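Visitor: Coordinates in final_0.cif, mmCIF, C-alpha atoms and all ligand atoms, are listed below.
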data_coords
loop_
_atom_site.group_PDB
_atom_site.id
_atom_site.type_symbol
_atom_site.label_atom_id
_atom_site.label_comp_id
_atom_site.auth_asym_id
_atom_site.auth_seq_id
_atom_site.Cartn_x
_atom_site.Cartn_y
_atom_site.Cartn_z
ATOM 1 C CA VAL A 89 -50.962 91.018 206.141
ATOM 2 C CA LYS A 90 -53.677 93.397 204.928
ATOM 3 C CA ARG A 91 -51.958 93.800 201.584
ATOM 4 C CA LEU A 92 -52.496 90.188 200.609
ATOM 5 C CA PRO A 93 -56.269 90.437 199.977
ATOM 6 C CA VAL A 94 -55.674 93.646 198.001
ATOM 7 C CA GLY A 95 -53.116 91.899 195.821
ATOM 8 C CA ALA A 96 -55.374 88.878 195.341
ATOM 9 C CA THR A 97 -58.313 91.117 194.432
ATOM 10 C CA LEU A 98 -56.204 93.028 191.934
ATOM 11 C CA ALA A 99 -54.962 89.813 190.384
ATOM 12 C CA LEU A 100 -58.537 88.554 190.106
ATOM 13 C CA ILE A 101 -59.769 91.775 188.499
ATOM 14 C CA GLY A 102 -56.782 91.798 186.169
ATOM 15 C CA GLY A 103 -57.456 88.189 185.243
ATOM 16 C CA LEU A 104 -61.114 88.884 184.525
ATOM 17 C CA VAL A 105 -60.275 91.930 182.403
ATOM 18 C CA TYR A 106 -57.706 89.895 180.544
ATOM 19 C CA VAL A 107 -60.028 86.940 179.936
ATOM 20 C CA SER A 108 -62.919 89.116 178.773
ATOM 21 C CA LEU A 109 -60.661 90.971 176.346
ATOM 22 C CA ALA A 110 -59.080 87.789 175.051
ATOM 23 C CA SER A 111 -62.449 86.175 174.400
ATOM 24 C CA ALA A 112 -63.754 89.103 172.324
ATOM 25 C CA LYS A 113 -64.089 87.914 168.761
ATOM 26 C CA ALA A 114 -63.561 89.686 165.492
ATOM 27 C CA PRO A 115 -66.847 90.134 163.618
ATOM 28 C CA VAL A 116 -67.548 87.705 160.809
ATOM 29 C CA THR A 117 -68.173 89.201 157.387
ATOM 30 C CA VAL A 118 -69.381 87.294 154.341
ATOM 31 C CA ASN A 119 -69.422 88.758 150.866
ATOM 32 C CA VAL A 120 -72.478 87.657 148.899
ATOM 33 C CA THR A 121 -72.570 88.259 145.169
ATOM 34 C CA LEU A 122 -75.870 88.068 143.322
ATOM 35 C CA SER A 123 -75.990 87.744 139.561
ATOM 36 C CA ASP A 124 -78.402 86.491 136.875
ATOM 37 C CA PHE A 125 -78.938 83.782 138.234
ATOM 38 C CA LYS A 126 -76.453 82.818 140.876
ATOM 39 C CA VAL A 127 -75.730 83.416 144.553
ATOM 40 C CA GLU A 128 -72.086 83.225 145.554
ATOM 41 C CA MET A 129 -70.723 83.415 149.101
ATOM 42 C CA SER A 130 -67.150 84.104 150.118
ATOM 43 C CA ASN A 131 -67.519 81.635 152.982
ATOM 44 C CA VAL A 132 -69.946 78.722 153.345
ATOM 45 C CA ASN A 133 -68.867 77.611 156.828
ATOM 46 C CA LEU A 134 -70.183 80.086 159.352
ATOM 47 C CA PRO A 135 -70.478 80.166 163.128
ATOM 48 C CA ALA A 136 -73.843 79.617 164.810
ATOM 49 C CA GLY A 137 -74.841 82.063 167.501
ATOM 50 C CA ALA A 138 -72.567 84.847 166.295
ATOM 51 C CA ALA A 139 -73.492 88.021 164.463
ATOM 52 C CA ILE A 140 -72.605 87.722 160.812
ATOM 53 C CA THR A 141 -72.419 90.691 158.477
ATOM 54 C CA TYR A 142 -73.513 89.903 154.934
ATOM 55 C CA VAL A 143 -72.327 92.392 152.357
ATOM 56 C CA ILE A 144 -74.614 91.694 149.404
ATOM 57 C CA THR A 145 -73.723 93.037 145.985
ATOM 58 C CA ASN A 146 -75.986 92.697 142.978
ATOM 59 C CA ASN A 147 -73.773 92.280 139.953
ATOM 60 C CA GLY A 148 -76.685 91.279 137.738
ATOM 61 C CA LYS A 149 -78.868 93.249 135.358
ATOM 62 C CA LEU A 150 -82.057 92.385 137.256
ATOM 63 C CA THR A 151 -83.312 93.267 140.704
ATOM 64 C CA HIS A 152 -82.729 90.432 143.159
ATOM 65 C CA GLU A 153 -83.366 89.649 146.797
ATOM 66 C CA MET A 154 -81.601 87.582 149.389
ATOM 67 C CA VAL A 155 -83.542 85.292 151.659
ATOM 68 C CA LEU A 156 -82.005 83.318 154.489
ATOM 69 C CA GLU A 157 -83.756 80.004 155.005
ATOM 70 C CA LYS A 158 -83.237 76.373 155.925
ATOM 71 C CA GLU A 159 -81.655 74.378 153.164
ATOM 72 C CA GLY A 160 -84.191 72.904 150.754
ATOM 73 C CA VAL A 161 -87.219 75.025 151.647
ATOM 74 C CA VAL A 162 -88.685 77.452 149.119
ATOM 75 C CA ASP A 163 -89.418 81.004 150.230
ATOM 76 C CA GLU A 164 -89.727 80.359 153.945
ATOM 77 C CA PRO A 165 -87.402 82.937 155.409
ATOM 78 C CA LEU A 166 -85.892 82.087 158.762
ATOM 79 C CA GLU A 167 -87.558 84.068 161.508
ATOM 80 C CA ILE A 168 -85.370 85.271 164.314
ATOM 81 C CA ASN A 169 -87.042 87.226 167.121
ATOM 82 C CA GLY A 170 -90.093 87.624 164.898
ATOM 83 C CA ALA A 171 -88.189 89.182 162.011
ATOM 84 C CA ALA A 172 -87.939 87.431 158.654
ATOM 85 C CA GLN A 173 -84.339 87.309 157.543
ATOM 86 C CA GLU A 174 -84.572 88.664 154.033
ATOM 87 C CA ALA A 175 -83.282 91.629 152.083
ATOM 88 C CA GLU A 176 -85.646 92.578 149.279
ATOM 89 C CA ASP A 177 -85.401 94.702 146.146
ATOM 90 C CA ILE A 178 -81.660 94.907 145.729
ATOM 91 C CA GLU A 179 -81.221 96.928 142.548
ATOM 92 C CA PRO A 180 -78.610 96.126 139.901
ATOM 93 C CA GLY A 181 -75.253 97.529 140.996
ATOM 94 C CA ALA A 182 -76.432 98.101 144.565
ATOM 95 C CA THR A 183 -74.807 96.791 147.717
ATOM 96 C CA ARG A 184 -76.835 96.001 150.804
ATOM 97 C CA THR A 185 -75.388 95.141 154.181
ATOM 98 C CA VAL A 186 -77.352 93.159 156.760
ATOM 99 C CA GLU A 187 -76.356 91.598 160.069
ATOM 100 C CA TRP A 188 -78.020 88.366 161.021
ATOM 101 C CA THR A 189 -77.335 85.850 163.776
ATOM 102 C CA ILE A 190 -78.281 82.236 163.144
ATOM 103 C CA PRO A 191 -78.876 80.745 166.588
ATOM 104 C CA GLU A 192 -78.549 77.079 165.716
ATOM 105 C CA ALA A 193 -76.042 74.931 163.935
ATOM 106 C CA GLY A 194 -77.424 73.452 160.743
ATOM 107 C CA LYS A 195 -77.743 73.690 156.987
ATOM 108 C CA TYR A 196 -79.095 76.859 155.465
ATOM 109 C CA GLN A 197 -79.287 78.598 152.134
ATOM 110 C CA LEU A 198 -79.265 82.062 150.695
ATOM 111 C CA ALA A 199 -81.762 82.274 147.867
ATOM 112 C CA CYS A 200 -83.533 84.738 145.611
ATOM 113 C CA HIS A 201 -87.283 84.268 145.340
ATOM 114 C CA VAL A 202 -88.065 86.826 142.680
ATOM 115 C CA GLU A 203 -90.302 84.805 140.389
ATOM 116 C CA GLY A 204 -88.343 82.178 138.479
ATOM 117 C CA HIS A 205 -84.933 83.072 139.922
ATOM 118 C CA TYR A 206 -84.732 80.275 142.482
ATOM 119 C CA GLU A 207 -85.706 77.751 139.824
ATOM 120 C CA ALA A 208 -83.004 79.210 137.564
ATOM 121 C CA GLY A 209 -80.390 78.417 140.199
ATOM 122 C CA MET A 210 -80.282 81.407 142.519
ATOM 123 C CA LYS A 211 -79.386 79.624 145.731
ATOM 124 C CA THR A 212 -76.296 78.641 147.651
ATOM 125 C CA ALA A 213 -76.194 76.295 150.609
ATOM 126 C CA PHE A 214 -73.992 76.862 153.638
ATOM 127 C CA THR A 215 -73.397 75.344 157.043
ATOM 128 C CA THR A 216 -73.339 76.830 160.508
ATOM 129 C CA THR A 217 -71.483 75.154 163.324
ATOM 130 C CA ALA A 218 -71.485 75.894 167.022
ATOM 131 C CA ALA A 219 -68.466 77.949 168.028
ATOM 132 C CA ALA A 220 -65.866 76.370 170.302
ATOM 133 C CA ALA A 221 -66.720 76.882 173.967
ATOM 134 C CA ALA A 222 -65.843 80.375 175.083
ATOM 135 C CA PRO A 223 -63.046 80.554 177.651
ATOM 136 C CA THR A 224 -64.500 80.752 181.153
ATOM 137 C CA ALA A 225 -63.327 83.250 183.742
ATOM 138 C CA ALA A 226 -60.670 82.035 186.146
ATOM 139 C CA PRO A 227 -62.331 80.495 189.231
ATOM 140 C CA ALA A 228 -62.108 82.475 192.478
ATOM 141 C CA THR A 229 -59.823 79.868 194.035
ATOM 142 C CA ASN A 230 -57.243 80.473 191.322
ATOM 143 C CA PRO A 231 -57.072 84.215 190.752
ATOM 144 C CA ALA A 232 -53.892 84.108 188.689
ATOM 145 C CA PRO A 233 -54.346 85.479 185.170
ATOM 146 C CA ALA A 234 -55.040 82.865 182.527
ATOM 147 C CA THR A 235 -52.207 81.562 180.427
ATOM 148 C CA MET A 236 -51.494 83.037 177.028
ATOM 149 C CA PRO A 237 -54.284 82.376 174.511
ATOM 150 C CA LYS A 238 -53.628 79.734 171.926
ATOM 151 C CA THR A 239 -56.128 81.015 169.417
ATOM 152 C CA GLY A 240 -53.528 82.273 166.978
ATOM 153 C CA GLU A 241 -55.961 84.947 165.851
ATOM 154 C CA SER A 242 -54.296 87.943 164.326
ATOM 155 C CA GLY A 243 -55.871 90.282 166.840
ATOM 156 C CA SER A 244 -54.914 88.342 169.933
ATOM 157 C CA LEU A 245 -51.591 90.134 170.490
ATOM 158 C CA MET A 246 -53.420 93.432 170.608
ATOM 159 C CA TRP A 247 -55.791 92.031 173.239
ATOM 160 C CA VAL A 248 -52.874 90.743 175.271
ATOM 161 C CA ALA A 249 -51.302 94.200 175.159
ATOM 162 C CA LEU A 250 -54.589 95.820 176.198
ATOM 163 C CA GLY A 251 -55.037 93.298 178.998
ATOM 164 C CA LEU A 252 -51.543 93.948 180.308
ATOM 165 C CA LEU A 253 -52.129 97.692 180.079
ATOM 166 C CA GLY A 254 -55.290 97.311 182.154
ATOM 167 C CA LEU A 255 -53.434 95.176 184.682
ATOM 168 C CA VAL A 256 -50.662 97.764 185.037
ATOM 169 C CA GLY A 257 -53.274 100.467 185.600
ATOM 170 C CA LEU A 258 -55.012 98.409 188.269
ATOM 171 C CA LEU A 259 -51.725 97.670 190.002
ATOM 172 C CA ALA A 260 -50.920 101.399 190.033
ATOM 173 C CA ILE A 261 -54.287 102.145 191.625
ATOM 174 C CA GLY A 262 -53.759 99.338 194.114
ATOM 175 C CA GLY A 263 -50.311 100.690 194.984
ATOM 176 C CA ALA A 264 -51.712 104.150 195.600
ATOM 177 C CA LEU A 265 -54.440 102.717 197.810
ATOM 178 C CA ALA A 266 -51.929 100.651 199.780
ATOM 179 C CA LEU A 267 -49.733 103.722 200.308
ATOM 180 C CA ARG A 268 -52.686 105.764 201.482
ATOM 181 C CA ARG A 269 -53.691 103.002 203.841
ATOM 182 C CA ARG A 270 -50.171 102.841 205.265
ATOM 183 C CA LYS A 271 -50.195 106.607 205.958
ATOM 184 C CA ALA A 272 -53.539 106.482 207.750
HETATM 185 CU CU CU B 1 -83.031 87.043 141.691
#
Let's see the structure in the file written out as structure tokens.
Ligand SMILES: [Cu+2]

Guide:
Amino acid sequence: VKRLPVGATLALIGGLVYVSLASAKAPVTVNVTLSDFKVEMSNVNLPAGAAITYVITNNGKLTHEMVLEKEGVVDEPLEINGAAQEAEDIEPGATRTVEWTIPEAGKYQLACHVEGHYEAGMKTAFTTTAAAAAPTAAPATNPAPATMPKTGESGSLMWVALGLLGLVGLLAIGGALALRRRKA
């Protein structure tokens, strides 16, 4: 009778490990190409509330900058935690990588505010949308591991394998504990 709570606890822990691994998301990377006088983004639909890595390459002959701001404003960089979201003085041929998280869904733009560049067309609008609700941990009344994820993400099989591996390890530990308890 004493083995039942152990088994339930193990199943719960296994389920939590599995769910937390399955909900881990691949980082989002956007390639931004600056030229004289354009801003191009590899993706203009981005998640809100997730860290986004912008790999900015200046393919132009002039020095440019990249400012993240609300769509339609002029040189009012978005401030997140007191830091203006801008990358200045990107030399011709240089690549700069920044990681920014836009907390809210909305319409934004990447623009260059070196004098005259914005007016010449150096801006690109994009949209952020709230991510789908993250999967919640299995409630305590139902400690069975969650069903297979339906995300279809390329990495999900790896997470399933890792989750199962963790579960097997926990079961082995639980077995050893149960054996020890039986001997005592
Ligand atoms: Cu510029």

Visitor: What are the closest atom pairs, with distances in Å to one decimal, for all residues of chain A lying within 12 Å of ligand CU 1 (chain B)? Consider all atoms listed in the file, order rows by chain and residue number, and present the result as JSON lines.

Guide:
{"residue": "A:Thr121", "atom": "CA", "partner": "B:CU1", "partner_atom": "CU", "distance": 11.1}
{"residue": "A:Leu122", "atom": "CA", "partner": "B:CU1", "partner_atom": "CU", "distance": 7.4}
{"residue": "A:Ser123", "atom": "CA", "partner": "B:CU1", "partner_atom": "CU", "distance": 7.4}
{"residue": "A:Asp124", "atom": "CA", "partner": "B:CU1", "partner_atom": "CU", "distance": 6.7}
{"residue": "A:Phe125", "atom": "CA", "partner": "B:CU1", "partner_atom": "CU", "distance": 6.3}
{"residue": "A:Lys126", "atom": "CA", "partner": "B:CU1", "partner_atom": "CU", "distance": 7.9}
{"residue": "A:Val127", "atom": "CA", "partner": "B:CU1", "partner_atom": "CU", "distance": 8.6}
{"residue": "A:Thr145", "atom": "CA", "partner": "B:CU1", "partner_atom": "CU", "distance": 11.9}
{"residue": "A:Asn146", "atom": "CA", "partner": "B:CU1", "partner_atom": "CU", "distance": 9.1}
{"residue": "A:Asn147", "atom": "CA", "partner": "B:CU1", "partner_atom": "CU", "distance": 10.8}
{"residue": "A:Gly148", "atom": "CA", "partner": "B:CU1", "partner_atom": "CU", "distance": 8.6}
{"residue": "A:Lys149", "atom": "CA", "partner": "B:CU1", "partner_atom": "CU", "distance": 9.8}
{"residue": "A:Leu150", "atom": "CA", "partner": "B:CU1", "partner_atom": "CU", "distance": 7.0}
{"residue": "A:Thr151", "atom": "CA", "partner": "B:CU1", "partner_atom": "CU", "distance": 6.3}
{"residue": "A:His152", "atom": "CA", "partner": "B:CU1", "partner_atom": "CU", "distance": 3.7}
{"residue": "A:Glu153", "atom": "CA", "partner": "B:CU1", "partner_atom": "CU", "distance": 5.7}
{"residue": "A:Met154", "atom": "CA", "partner": "B:CU1", "partner_atom": "CU", "distance": 7.8}
{"residue": "A:Val155", "atom": "CA", "partner": "B:CU1", "partner_atom": "CU", "distance": 10.1}
{"residue": "A:Ala175", "atom": "CA", "partner": "B:CU1", "partner_atom": "CU", "distance": 11.4}
{"residue": "A:Glu176", "atom": "CA", "partner": "B:CU1", "partner_atom": "CU", "distance": 9.7}
{"residue": "A:Asp177", "atom": "CA", "partner": "B:CU1", "partner_atom": "CU", "distance": 9.2}
{"residue": "A:Ile178", "atom": "CA", "partner": "B:CU1", "partner_atom": "CU", "distance": 8.9}
{"residue": "A:Glu179", "atom": "CA", "partner": "B:CU1", "partner_atom": "CU", "distance": 10.1}
{"residue": "A:Pro180", "atom": "CA", "partner": "B:CU1", "partner_atom": "CU", "distance": 10.3}
{"residue": "A:Leu198", "atom": "CA", "partner": "B:CU1", "partner_atom": "CU", "distance": 11.0}
{"residue": "A:Ala199", "atom": "CA", "partner": "B:CU1", "partner_atom": "CU", "distance": 7.9}
{"residue": "A:Cys200", "atom": "CA", "partner": "B:CU1", "partner_atom": "CU", "distance": 4.6}
{"residue": "A:His201", "atom": "CA", "partner": "B:CU1", "partner_atom": "CU", "distance": 6.3}
{"residue": "A:Val202", "atom": "CA", "partner": "B:CU1", "partner_atom": "CU", "distance": 5.1}
{"residue": "A:Glu203", "atom": "CA", "partner": "B:CU1", "partner_atom": "CU", "distance": 7.7}
{"residue": "A:Gly204", "atom": "CA", "partner": "B:CU1", "partner_atom": "CU", "distance": 7.9}
{"residue": "A:His205", "atom": "CA", "partner": "B:CU1", "partner_atom": "CU", "distance": 4.7}
{"residue": "A:Tyr206", "atom": "CA", "partner": "B:CU1", "partner_atom": "CU", "distance": 7.0}
{"residue": "A:Glu207", "atom": "CA", "partner": "B:CU1", "partner_atom": "CU", "distance": 9.8}
{"residue": "A:Ala208", "atom": "CA", "partner": "B:CU1", "partner_atom": "CU", "distance": 8.9}
{"residue": "A:Gly209", "atom": "CA", "partner": "B:CU1", "partner_atom": "CU", "distance": 9.1}
{"residue": "A:Met210", "atom": "CA", "partner": "B:CU1", "partner_atom": "CU", "distance": 6.3}
{"residue": "A:Lys211", "atom": "CA", "partner": "B:CU1", "partner_atom": "CU", "distance": 9.2}

Visitor: Please identify all polymer residues within 12 Å of Asn119 in chain A, counting all atoms listed in the file, omitting same-chain residues fewer than 5 positions from it, and present them as a list in words.

Guide: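 Skipping anything fewer than 5 positions along the chain leaves Val127, Glu128, Met129, Ser130, Asn131, Val132, Ile140, Thr141, Tyr142, Val143, Ile144, Thr145, Asn146, Thr183, Arg184, Thr185, Val186, Glu187 and Leu198 of chain A.
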
Visitor: For the provided coordinates, the residues matched by the PyMOL selection byres (((chain A and resi 159) around 10) and not hetatm) should be stated as a ChimeraX atom specification.

Guide: /A:156-158,160-162,194-199,211-215

Visitor: Please evaluate the PyMOL selection byres (((chain A and resi 193) around 8) and not hetatm) against the displayed coordinates and give the resulting residues as a tab-separated table (two decimals) with C-alpha atoms, keeping the file's coordinate frame.

Guide:
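Output file result.tsv follows:
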chain	number	residue	atom	x	y	z
A	135	PRO	CA	-70.48	80.17	163.13
A	136	ALA	CA	-73.84	79.62	164.81
A	190	ILE	CA	-78.28	82.24	163.14
A	191	PRO	CA	-78.88	80.74	166.59
A	192	GLU	CA	-78.55	77.08	165.72
A	194	GLY	CA	-77.42	73.45	160.74
A	195	LYS	CA	-77.74	73.69	156.99
A	215	THR	CA	-73.40	75.34	157.04
A	216	THR	CA	-73.34	76.83	160.51
A	217	THR	CA	-71.48	75.15	163.32
A	218	ALA	CA	-71.48	75.89	167.02

Visitor: Please report the interatomic distance between CA of Thr117 in chain A and CA of Trp188 in chain A in Å with one decimal.

Guide: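 Those two atoms sit 10.5 Å apart.
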
Visitor: Quick one: distance from CA of Gly102 in chain A to CA of Leu253 in chain A in Å, one decimal?

Guide: 9.7 Å

Visitor: Give me, please, the distance in Å between CA of Ile261 in chain A and CA of Ala99 in chain A, quoted to one decimal.

Guide: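 Taking CA of Ile261 in chain A as the start and CA of Ala99 in chain A as the end point, the length is 12.4 Å.
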
Visitor: For the structure provided, state which residues fall under the PyMOL selection byres (((chain A and resi 256) around 12) and not hetatm), and present them as a VMD selection string.

Guide: chain A and resid 98 to 99 101 to 103 105 to 106 249 to 255 257 to 263
